[in-house]
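So this one's data-v5.pdb, PDB, C-alpha atoms:
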ATOM      1  CA  ASP P   1     -96.815 155.548  -3.454  1.00  0.00           C
ATOM      2  CA  GLY P   2     -95.248 158.146  -5.753  1.00  0.00           C
ATOM      3  CA  GLY P   3     -95.894 158.073  -9.427  1.00  0.00           C
ATOM      4  CA  ILE P   4     -97.913 159.100 -12.441  1.00  0.00           C
ATOM      5  CA  THR P   5    -101.449 157.895 -12.962  1.00  0.00           C
ATOM      6  CA  GLN P   6    -103.422 157.980 -16.164  1.00  0.00           C
ATOM      7  CA  SER P   7    -107.050 157.107 -16.444  1.00  0.00           C
ATOM      8  CA  PRO P   8    -108.777 155.324 -17.905  1.00  0.00           C
ATOM      9  CA  LYS P   9    -106.531 152.586 -19.325  1.00  0.00           C
ATOM     10  CA  TYR P  10    -108.865 152.076 -22.304  1.00  0.00           C
ATOM     11  CA  LEU P  11    -111.202 154.672 -23.799  1.00  0.00           C
ATOM     12  CA  PHE P  12    -113.679 154.336 -26.636  1.00  0.00           C
ATOM     13  CA  ARG P  13    -115.363 157.254 -28.367  1.00  0.00           C
ATOM     14  CA  LYS P  14    -117.427 157.956 -31.416  1.00  0.00           C
ATOM     15  CA  GLU P  15    -116.024 160.130 -34.150  1.00  0.00           C
ATOM     16  CA  GLY P  16    -116.897 163.791 -33.674  1.00  0.00           C
ATOM     17  CA  GLN P  17    -116.775 163.713 -29.881  1.00  0.00           C
ATOM     18  CA  ASN P  18    -114.185 165.464 -27.761  1.00  0.00           C
ATOM     19  CA  VAL P  19    -112.539 163.333 -25.084  1.00  0.00           C
ATOM     20  CA  THR P  20    -110.324 164.254 -22.140  1.00  0.00           C
ATOM     21  CA  LEU P  21    -107.511 162.047 -20.886  1.00  0.00           C
ATOM     22  CA  SER P  22    -106.444 162.405 -17.278  1.00  0.00           C
ATOM     23  CA  CYS P  23    -102.862 162.619 -16.000  1.00  0.00           C
ATOM     24  CA  GLU P  24    -101.939 163.138 -12.345  1.00  0.00           C
ATOM     25  CA  GLN P  25     -98.531 163.006 -10.664  1.00  0.00           C
ATOM     26  CA  ASN P  26     -97.520 163.158  -7.003  1.00  0.00           C
ATOM     27  CA  LEU P  27     -93.778 163.394  -7.652  1.00  0.00           C
ATOM     28  CA  ASN P  28     -93.762 167.188  -7.172  1.00  0.00           C
ATOM     29  CA  HIS P  29     -92.408 167.509 -10.707  1.00  0.00           C
ATOM     30  CA  ASP P  30     -92.580 170.891 -12.423  1.00  0.00           C
ATOM     31  CA  ALA P  31     -92.668 169.713 -16.017  1.00  0.00           C
ATOM     32  CA  MET P  32     -95.319 167.489 -17.580  1.00  0.00           C
ATOM     33  CA  TYR P  33     -95.637 166.103 -21.099  1.00  0.00           C
ATOM     34  CA  TRP P  34     -98.064 164.368 -23.431  1.00  0.00           C
ATOM     35  CA  TYR P  35     -96.871 161.977 -26.115  1.00  0.00           C
ATOM     36  CA  ARG P  36     -98.632 159.973 -28.751  1.00  0.00           C
ATOM     37  CA  GLN P  37     -97.433 156.511 -29.785  1.00  0.00           C
ATOM     38  CA  ASP P  38     -98.669 154.693 -32.868  1.00  0.00           C
ATOM     39  CA  PRO P  39     -98.108 150.961 -33.441  1.00  0.00           C
ATOM     40  CA  GLY P  40     -94.462 150.119 -34.028  1.00  0.00           C
ATOM     41  CA  GLN P  41     -93.392 153.726 -33.725  1.00  0.00           C
ATOM     42  CA  GLY P  42     -91.597 155.985 -31.313  1.00  0.00           C
ATOM     43  CA  LEU P  43     -93.021 158.768 -29.187  1.00  0.00           C
ATOM     44  CA  ARG P  44     -94.180 162.067 -30.613  1.00  0.00           C
ATOM     45  CA  LEU P  45     -94.576 165.115 -28.398  1.00  0.00           C
ATOM     46  CA  ILE P  46     -98.036 166.710 -28.346  1.00  0.00           C
ATOM     47  CA  TYR P  47     -97.773 169.361 -25.615  1.00  0.00           C
ATOM     48  CA  TYR P  48     -95.581 170.075 -22.648  1.00  0.00           C
ATOM     49  CA  SER P  49     -95.741 172.345 -19.628  1.00  0.00           C
ATOM     50  CA  GLN P  50     -92.820 173.515 -17.552  1.00  0.00           C
ATOM     51  CA  ILE P  51     -94.818 175.420 -14.980  1.00  0.00           C
ATOM     52  CA  VAL P  52     -98.398 175.889 -13.812  1.00  0.00           C
ATOM     53  CA  ASN P  53    -100.561 178.002 -16.149  1.00  0.00           C
ATOM     54  CA  ASP P  54     -98.072 177.722 -18.988  1.00  0.00           C
ATOM     55  CA  PHE P  55     -97.675 175.178 -21.774  1.00  0.00           C
ATOM     56  CA  GLN P  56     -96.097 174.873 -25.214  1.00  0.00           C
ATOM     57  CA  LYS P  57     -97.017 173.029 -28.375  1.00  0.00           C
ATOM     58  CA  GLY P  58     -94.994 170.014 -29.296  1.00  0.00           C
ATOM     59  CA  ASP P  59     -94.508 168.545 -32.757  1.00  0.00           C
ATOM     60  CA  ILE P  60     -98.085 167.329 -33.308  1.00  0.00           C
ATOM     61  CA  ALA P  61    -100.333 169.713 -31.326  1.00  0.00           C
ATOM     62  CA  GLU P  62    -103.031 170.168 -33.979  1.00  0.00           C
ATOM     63  CA  GLY P  63    -106.382 168.785 -32.815  1.00  0.00           C
ATOM     64  CA  TYR P  64    -105.331 168.639 -29.155  1.00  0.00           C
ATOM     65  CA  SER P  65    -105.635 171.014 -26.207  1.00  0.00           C
ATOM     66  CA  VAL P  66    -104.293 171.009 -22.649  1.00  0.00           C
ATOM     67  CA  SER P  67    -104.534 172.923 -19.397  1.00  0.00           C
ATOM     68  CA  ARG P  68    -102.224 173.169 -16.414  1.00  0.00           C
ATOM     69  CA  GLU P  69    -104.189 174.702 -13.562  1.00  0.00           C
ATOM     70  CA  LYS P  70    -102.493 172.613 -10.884  1.00  0.00           C
ATOM     71  CA  LYS P  71     -98.921 171.389 -10.595  1.00  0.00           C
ATOM     72  CA  GLU P  72     -99.992 167.777 -10.247  1.00  0.00           C
ATOM     73  CA  SER P  73    -102.480 167.643 -13.123  1.00  0.00           C
ATOM     74  CA  PHE P  74    -102.127 167.982 -16.912  1.00  0.00           C
ATOM     75  CA  PRO P  75    -105.263 166.808 -18.744  1.00  0.00           C
ATOM     76  CA  LEU P  76    -105.246 166.355 -22.521  1.00  0.00           C
ATOM     77  CA  THR P  77    -108.352 166.914 -24.651  1.00  0.00           C
ATOM     78  CA  VAL P  78    -108.510 165.172 -27.995  1.00  0.00           C
ATOM     79  CA  THR P  79    -110.872 167.273 -30.080  1.00  0.00           C
ATOM     80  CA  SER P  80    -112.973 166.327 -33.048  1.00  0.00           C
ATOM     81  CA  ALA P  81    -110.490 168.290 -35.181  1.00  0.00           C
ATOM     82  CA  GLN P  82    -107.848 165.586 -34.665  1.00  0.00           C
ATOM     83  CA  LYS P  83    -107.991 163.616 -37.918  1.00  0.00           C
ATOM     84  CA  ASN P  84    -106.602 160.320 -36.642  1.00  0.00           C
ATOM     85  CA  PRO P  85    -107.074 160.169 -32.874  1.00  0.00           C
ATOM     86  CA  THR P  86    -106.834 156.409 -32.319  1.00  0.00           C
ATOM     87  CA  ALA P  87    -103.483 155.863 -30.574  1.00  0.00           C
ATOM     88  CA  PHE P  88    -101.725 155.096 -27.304  1.00  0.00           C
ATOM     89  CA  TYR P  89    -101.299 158.269 -25.235  1.00  0.00           C
ATOM     90  CA  LEU P  90     -98.526 158.610 -22.687  1.00  0.00           C
ATOM     91  CA  CYS P  91     -98.144 161.244 -19.996  1.00  0.00           C
ATOM     92  CA  ALA P  92     -94.745 161.950 -18.429  1.00  0.00           C
ATOM     93  CA  SER P  93     -93.168 164.299 -15.915  1.00  0.00           C
ATOM     94  CA  SER P  94     -89.749 165.525 -14.866  1.00  0.00           C
ATOM     95  CA  LEU P  95     -88.100 167.973 -12.507  1.00  0.00           C
ATOM     96  CA  THR P  96     -87.156 171.176 -14.345  1.00  0.00           C
ATOM     97  CA  GLY P  97     -83.446 171.140 -14.995  1.00  0.00           C
ATOM     98  CA  GLU P  98     -83.148 167.444 -14.176  1.00  0.00           C
ATOM     99  CA  GLY P  99     -82.604 164.857 -16.859  1.00  0.00           C
ATOM    100  CA  GLU P 100     -84.939 162.061 -15.767  1.00  0.00           C
ATOM    101  CA  GLN P 101     -88.408 161.774 -17.245  1.00  0.00           C
ATOM    102  CA  TYR P 102     -90.925 159.292 -15.908  1.00  0.00           C
ATOM    103  CA  PHE P 103     -93.970 157.907 -17.681  1.00  0.00           C
ATOM    104  CA  GLY P 104     -97.468 156.929 -16.686  1.00  0.00           C
ATOM    105  CA  PRO P 105     -99.023 153.604 -17.750  1.00  0.00           C
ATOM    106  CA  GLY P 106    -100.747 155.110 -20.803  1.00  0.00           C
ATOM    107  CA  THR P 107    -104.300 155.384 -22.146  1.00  0.00           C
ATOM    108  CA  ARG P 108    -105.325 153.565 -25.295  1.00  0.00           C
ATOM    109  CA  LEU P 109    -107.915 155.646 -27.142  1.00  0.00           C
ATOM    110  CA  THR P 110    -110.021 154.105 -29.867  1.00  0.00           C
ATOM    111  CA  VAL P 111    -112.273 156.331 -31.953  1.00  0.00           C
ATOM    112  CA  THR P 112    -114.745 154.719 -34.347  1.00  0.00           C
TER
ATOM    113  CA  GLY V 113     -89.380 167.460 -34.628  1.00  0.00           C
ATOM    114  CA  GLN V 114     -85.972 166.012 -34.065  1.00  0.00           C
ATOM    115  CA  GLN V 115     -85.656 162.243 -33.961  1.00  0.00           C
ATOM    116  CA  LEU V 116     -82.745 160.157 -32.863  1.00  0.00           C
ATOM    117  CA  ASN V 117     -81.335 157.389 -35.055  1.00  0.00           C
ATOM    118  CA  GLN V 118     -81.623 154.174 -33.093  1.00  0.00           C
ATOM    119  CA  SER V 119     -80.314 150.833 -34.326  1.00  0.00           C
ATOM    120  CA  PRO V 120     -80.912 148.064 -34.830  1.00  0.00           C
ATOM    121  CA  GLN V 121     -84.654 148.239 -35.365  1.00  0.00           C
ATOM    122  CA  SER V 122     -85.122 144.692 -34.093  1.00  0.00           C
ATOM    123  CA  MET V 123     -83.042 141.819 -32.782  1.00  0.00           C
ATOM    124  CA  PHE V 124     -83.648 138.085 -32.477  1.00  0.00           C
ATOM    125  CA  ILE V 125     -81.218 136.459 -30.075  1.00  0.00           C
ATOM    126  CA  GLN V 126     -80.746 133.284 -28.066  1.00  0.00           C
ATOM    127  CA  GLU V 127     -81.063 133.341 -24.303  1.00  0.00           C
ATOM    128  CA  GLY V 128     -77.645 133.948 -22.759  1.00  0.00           C
ATOM    129  CA  GLU V 129     -76.324 136.103 -25.582  1.00  0.00           C
ATOM    130  CA  ASP V 130     -75.192 139.686 -25.118  1.00  0.00           C
ATOM    131  CA  VAL V 131     -77.046 142.528 -26.842  1.00  0.00           C
ATOM    132  CA  SER V 132     -75.893 145.934 -28.011  1.00  0.00           C
ATOM    133  CA  MET V 133     -77.936 148.826 -29.384  1.00  0.00           C
ATOM    134  CA  ASN V 134     -77.118 152.477 -29.999  1.00  0.00           C
ATOM    135  CA  CYS V 135     -78.488 155.913 -30.690  1.00  0.00           C
ATOM    136  CA  THR V 136     -76.997 158.799 -32.613  1.00  0.00           C
ATOM    137  CA  SER V 137     -78.061 162.390 -33.035  1.00  0.00           C
ATOM    138  CA  SER V 138     -76.990 165.398 -35.066  1.00  0.00           C
ATOM    139  CA  SER V 139     -77.397 167.542 -31.931  1.00  0.00           C
ATOM    140  CA  ILE V 140     -75.658 167.623 -28.591  1.00  0.00           C
ATOM    141  CA  PHE V 141     -77.629 166.458 -25.574  1.00  0.00           C
ATOM    142  CA  ASN V 142     -77.195 167.175 -21.864  1.00  0.00           C
ATOM    143  CA  THR V 143     -78.656 163.855 -20.777  1.00  0.00           C
ATOM    144  CA  TRP V 144     -79.165 160.453 -22.367  1.00  0.00           C
ATOM    145  CA  LEU V 145     -81.854 158.102 -21.088  1.00  0.00           C
ATOM    146  CA  TRP V 146     -82.655 154.475 -21.854  1.00  0.00           C
ATOM    147  CA  TYR V 147     -86.146 153.022 -21.394  1.00  0.00           C
ATOM    148  CA  LYS V 148     -87.809 149.640 -21.755  1.00  0.00           C
ATOM    149  CA  GLN V 149     -91.429 149.352 -22.837  1.00  0.00           C
ATOM    150  CA  GLU V 150     -93.580 146.248 -22.667  1.00  0.00           C
ATOM    151  CA  PRO V 151     -96.788 145.874 -24.718  1.00  0.00           C
ATOM    152  CA  GLY V 152     -99.593 148.138 -23.550  1.00  0.00           C
ATOM    153  CA  GLU V 153     -97.485 149.758 -20.825  1.00  0.00           C
ATOM    154  CA  GLY V 154     -95.613 153.004 -20.358  1.00  0.00           C
ATOM    155  CA  PRO V 155     -91.829 153.097 -20.819  1.00  0.00           C
ATOM    156  CA  VAL V 156     -89.806 152.368 -17.687  1.00  0.00           C
ATOM    157  CA  LEU V 157     -86.577 154.272 -17.098  1.00  0.00           C
ATOM    158  CA  LEU V 158     -83.581 151.921 -16.992  1.00  0.00           C
ATOM    159  CA  ILE V 159     -80.519 154.162 -16.977  1.00  0.00           C
ATOM    160  CA  ALA V 160     -79.837 157.912 -16.980  1.00  0.00           C
ATOM    161  CA  LEU V 161     -76.497 159.374 -18.141  1.00  0.00           C
ATOM    162  CA  TYR V 162     -75.421 162.920 -17.351  1.00  0.00           C
ATOM    163  CA  LYS V 163     -71.803 163.435 -18.442  1.00  0.00           C
ATOM    164  CA  ALA V 164     -69.897 162.849 -21.654  1.00  0.00           C
ATOM    165  CA  GLY V 165     -67.949 159.616 -21.359  1.00  0.00           C
ATOM    166  CA  GLU V 166     -69.996 158.369 -18.409  1.00  0.00           C
ATOM    167  CA  LEU V 167     -70.432 154.609 -18.189  1.00  0.00           C
ATOM    168  CA  THR V 168     -73.253 153.422 -15.925  1.00  0.00           C
ATOM    169  CA  SER V 169     -74.513 149.959 -15.025  1.00  0.00           C
ATOM    170  CA  ASN V 170     -77.823 148.700 -13.706  1.00  0.00           C
ATOM    171  CA  GLY V 171     -77.540 144.967 -13.101  1.00  0.00           C
ATOM    172  CA  ARG V 172     -76.920 143.299 -16.464  1.00  0.00           C
ATOM    173  CA  LEU V 173     -77.415 146.605 -18.297  1.00  0.00           C
ATOM    174  CA  THR V 174     -74.581 148.984 -19.135  1.00  0.00           C
ATOM    175  CA  ALA V 175     -74.947 152.286 -20.965  1.00  0.00           C
ATOM    176  CA  GLN V 176     -72.491 154.947 -22.064  1.00  0.00           C
ATOM    177  CA  PHE V 177     -72.814 158.655 -22.855  1.00  0.00           C
ATOM    178  CA  GLY V 178     -70.690 159.283 -25.957  1.00  0.00           C
ATOM    179  CA  ILE V 179     -67.711 161.625 -25.778  1.00  0.00           C
ATOM    180  CA  THR V 180     -69.148 163.858 -28.500  1.00  0.00           C
ATOM    181  CA  ARG V 181     -72.485 164.050 -26.577  1.00  0.00           C
ATOM    182  CA  LYS V 182     -74.211 163.001 -29.789  1.00  0.00           C
ATOM    183  CA  ASP V 183     -74.492 159.281 -29.148  1.00  0.00           C
ATOM    184  CA  SER V 184     -75.122 156.598 -26.564  1.00  0.00           C
ATOM    185  CA  PHE V 185     -75.192 152.819 -26.428  1.00  0.00           C
ATOM    186  CA  LEU V 186     -76.884 150.221 -24.264  1.00  0.00           C
ATOM    187  CA  ASN V 187     -75.549 146.728 -23.654  1.00  0.00           C
ATOM    188  CA  ILE V 188     -77.456 143.863 -22.064  1.00  0.00           C
ATOM    189  CA  SER V 189     -75.340 140.937 -20.944  1.00  0.00           C
ATOM    190  CA  ALA V 190     -76.486 137.320 -20.643  1.00  0.00           C
ATOM    191  CA  SER V 191     -80.000 138.008 -21.944  1.00  0.00           C
ATOM    192  CA  ILE V 192     -82.990 136.235 -20.409  1.00  0.00           C
ATOM    193  CA  PRO V 193     -86.562 135.817 -21.724  1.00  0.00           C
ATOM    194  CA  SER V 194     -87.906 138.650 -19.545  1.00  0.00           C
ATOM    195  CA  ASP V 195     -85.617 141.093 -21.392  1.00  0.00           C
ATOM    196  CA  VAL V 196     -88.100 140.946 -24.264  1.00  0.00           C
ATOM    197  CA  GLY V 197     -89.564 144.351 -25.060  1.00  0.00           C
ATOM    198  CA  ILE V 198     -88.863 147.561 -26.923  1.00  0.00           C
ATOM    199  CA  TYR V 199     -85.905 149.644 -25.798  1.00  0.00           C
ATOM    200  CA  PHE V 200     -85.943 153.388 -26.429  1.00  0.00           C
ATOM    201  CA  CYS V 201     -83.202 155.942 -26.155  1.00  0.00           C
ATOM    202  CA  ALA V 202     -83.968 159.573 -25.343  1.00  0.00           C
ATOM    203  CA  GLY V 203     -81.889 162.716 -25.268  1.00  0.00           C
ATOM    204  CA  GLN V 204     -82.630 165.845 -23.296  1.00  0.00           C
ATOM    205  CA  SER V 205     -81.893 169.272 -24.733  1.00  0.00           C
ATOM    206  CA  ASN V 206     -81.326 172.589 -22.972  1.00  0.00           C
ATOM    207  CA  PHE V 207     -84.998 173.487 -22.921  1.00  0.00           C
ATOM    208  CA  ASN V 208     -86.307 170.543 -20.942  1.00  0.00           C
ATOM    209  CA  LYS V 209     -87.502 168.784 -24.092  1.00  0.00           C
ATOM    210  CA  PHE V 210     -86.838 165.132 -24.707  1.00  0.00           C
ATOM    211  CA  TYR V 211     -86.278 163.505 -28.089  1.00  0.00           C
ATOM    212  CA  PHE V 212     -86.781 159.791 -28.648  1.00  0.00           C
ATOM    213  CA  GLY V 213     -85.389 157.094 -30.871  1.00  0.00           C
ATOM    214  CA  SER V 214     -87.764 154.844 -32.782  1.00  0.00           C
ATOM    215  CA  GLY V 215     -86.973 151.862 -30.565  1.00  0.00           C
ATOM    216  CA  THR V 216     -85.190 148.513 -30.746  1.00  0.00           C
ATOM    217  CA  LYS V 217     -87.481 145.512 -30.481  1.00  0.00           C
ATOM    218  CA  LEU V 218     -85.710 142.692 -28.627  1.00  0.00           C
ATOM    219  CA  ASN V 219     -86.807 139.079 -28.969  1.00  0.00           C
ATOM    220  CA  VAL V 220     -85.119 136.408 -26.840  1.00  0.00           C
ATOM    221  CA  LYS V 221     -85.479 132.711 -27.633  1.00  0.00           C
ATOM    222  CA  PRO V 222     -85.298 130.414 -24.593  1.00  0.00           C
TER
END

Output the structure of this file as structure tokens.
Amino acid sequence: DGGITQSPKYLFRKEGQNVTLSCEQNLNHDAMYWYRQDPGQGLRLIYYSQIVNDFQKGDIAEGYSVSREKKESFPLTVTSAQKNPTAFYLCASSLTGEGEQYFGPGTRLTVT
Amino acid sequence: GQQLNQSPQSMFIQEGEDVSMNCTSSSIFNTWLWYKQEPGEGPVLLIALYKAGELTSNGRLTAQFGITRKDSFLNISASIPSDVGIYFCAGQSNFNKFYFGSGTKLNVKP
């Protein structure tokens, strides 16, 4: 079954702790993306990666970090420096040069 | 970052009615995409458009890529209760980045 998986679906953390969100795809896509979605709002780009071992900051990268050691994996770490980390996080992927982007089911992070 | 102007923000319609929503941008895009998102889930790709002027259908959904490459619309015909959700447009630029509209929330009364 091809697709994008994100785990866990729900994540709870205490303020001051770093937390890593998982994203895996078996679509053989080159490019992967992380977005943040707040209630009633659109998607904002955090980081994206077009190739293994390379990634670029999106519009709201502060307080986040990523790695891309394998083509199929693009984990996102929400650090304690992120001022307002509670949100719905979406991972996506696409073939480089192709127009279609596909999303995972999302992880809802709650930090208290 | 760049955002697309998507309208309307929300719609309340009766089952069986047709729906139309659109997106505009100040920039040219290579691809326009339309997604549907249900609560607590990731967006699902409905239609992808690749050429200016292209008109594409997917069941009761029809979308068009504007001639100027700066706009797109999505129509849903004969709406049903399961059409309820938030519809997003997205445009793809030259550098493999995608820009999203703020969404149209569709409510359908049976």

Subject >> Separation of atom CA of P:Leu109 from atom CA of P:Leu11 in Å >> reply: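 One can read the atom CA of P:Leu11 to atom CA of P:Leu109 distance as 4.8 Å.
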
Subject >> Best match for closeness to P:Gln37 among P:Asp54, P:Gln6, P:Pro85, P:Pro75, counting only C-alpha atoms >> reply: P:Pro85

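Atom CA of P:Tyr89 sits 22.3 Å away from atom CA of V:Ser205.
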
Check: which chain P residues lie within 10 Å of chain V using only C-alpha atoms, as a CSV table (one decimal) with C-alpha atoms, in the frame of the given file:
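Below you can see result30.csv, which holds the result:
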chain,number,residue,atom,x,y,z
P,9,LYS,CA,-106.5,152.6,-19.3
P,31,ALA,CA,-92.7,169.7,-16.0
P,33,TYR,CA,-95.6,166.1,-21.1
P,40,GLY,CA,-94.5,150.1,-34.0
P,41,GLN,CA,-93.4,153.7,-33.7
P,42,GLY,CA,-91.6,156.0,-31.3
P,43,LEU,CA,-93.0,158.8,-29.2
P,44,ARG,CA,-94.2,162.1,-30.6
P,45,LEU,CA,-94.6,165.1,-28.4
P,48,TYR,CA,-95.6,170.1,-22.6
P,49,SER,CA,-95.7,172.3,-19.6
P,50,GLN,CA,-92.8,173.5,-17.6
P,58,GLY,CA,-95.0,170.0,-29.3
P,59,ASP,CA,-94.5,168.5,-32.8
P,60,ILE,CA,-98.1,167.3,-33.3
P,88,PHE,CA,-101.7,155.1,-27.3
P,89,TYR,CA,-101.3,158.3,-25.2
P,90,LEU,CA,-98.5,158.6,-22.7
P,91,CYS,CA,-98.1,161.2,-20.0
P,92,ALA,CA,-94.7,162.0,-18.4
P,94,SER,CA,-89.7,165.5,-14.9
P,95,LEU,CA,-88.1,168.0,-12.5
P,96,THR,CA,-87.2,171.2,-14.3
P,97,GLY,CA,-83.4,171.1,-15.0
P,98,GLU,CA,-83.1,167.4,-14.2
P,99,GLY,CA,-82.6,164.9,-16.9
P,100,GLU,CA,-84.9,162.1,-15.8
P,101,GLN,CA,-88.4,161.8,-17.2
P,102,TYR,CA,-90.9,159.3,-15.9
P,103,PHE,CA,-94.0,157.9,-17.7
P,104,GLY,CA,-97.5,156.9,-16.7
P,105,PRO,CA,-99.0,153.6,-17.8
P,106,GLY,CA,-100.7,155.1,-20.8
P,107,THR,CA,-104.3,155.4,-22.1
P,108,ARG,CA,-105.3,153.6,-25.3

**OP:** Identify all residues satisfying the PyMOL selection byres ((chain V and resi 185) around 6) in the given file; provide them as a list in words.
**Re:**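 Selected by the PyMOL selection byres ((chain V and resi 185) around 6) here: Met133, Asn134, Ala175, Gln176, Ser184 and Leu186 of chain V.
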
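Among the candidate residues P:Thr110, P:Thr79, P:Ser73, P:Ser67, the one lying nearest to P:Gln25 is P:Ser73, with distances computed using all atoms listed in the file.
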
Original post:
What residues come out when you apply the PyMOL selection byres ((chain P and resi 24) around 8) to this file, written as an MDAnalysis selection string?
Top reply: chainID P and resid 4:6 22:23 25:26 72:74

Write a file of the just-selected residues containing C-alpha atoms, as a PDB file, keeping the file's coordinate frame.
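Full text of part.pdb as output:
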ATOM      1  CA  ILE P   4     -97.913 159.100 -12.441  1.00  0.00           C
ATOM      2  CA  THR P   5    -101.449 157.895 -12.962  1.00  0.00           C
ATOM      3  CA  GLN P   6    -103.422 157.980 -16.164  1.00  0.00           C
ATOM      4  CA  SER P  22    -106.444 162.405 -17.278  1.00  0.00           C
ATOM      5  CA  CYS P  23    -102.862 162.619 -16.000  1.00  0.00           C
ATOM      6  CA  GLN P  25     -98.531 163.006 -10.664  1.00  0.00           C
ATOM      7  CA  ASN P  26     -97.520 163.158  -7.003  1.00  0.00           C
ATOM      8  CA  GLU P  72     -99.992 167.777 -10.247  1.00  0.00           C
ATOM      9  CA  SER P  73    -102.480 167.643 -13.123  1.00  0.00           C
ATOM     10  CA  PHE P  74    -102.127 167.982 -16.912  1.00  0.00           C
TER      11      PHE P  74
END

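For the choices V:Glu150, V:Asp183, V:Asp195, V:Glu166, the atom-to-atom distance to V:Glu129 is smallest for V:Asp195 when using all atoms listed in the file.
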
**OP:** Would you mind reading off the distance between atom CA of V:Ile140 and atom CA of V:Asn170, one decimal, in Å?
**Re:** 24.2 Å

Could the centre and edge lengths of an axis-aligned box, enclosing all atoms of stretch 173-190 of chain V in the file with 6 Å extra on each side, be given in Å to one decimal as lines of an AutoDock Vina configuration file?
center_x = -72.6
center_y = 150.7
center_z = -24.0
size_x = 21.7
size_y = 38.7
size_z = 23.5

Subject >> Point (-98.7, 176.1, -12.0) neighbourhood (7 Å, all atoms listed in the file) written as a PyMOL selection string >> reply: chain P and resi 51-53+68-71

**OP:** Between P:Thr20, P:Ser93, P:Ala87, P:Val66, single out the one closest to P:Met32, counting all atoms listed in the file.
**Re:** P:Ser93

Original post:
For this file, the PyMOL selection byres ((chain V and resi 196) around 7) selects which residues, as a PyMOL selection string?
Top reply: chain V and resi 193-195+197+218-220

Subject >> Shortest interatomic distance to V:Ser169 - which of V:Pro120, V:Ser132, V:Asn187, V:Pro222, counting all atoms listed in the file >> reply: V:Asn187
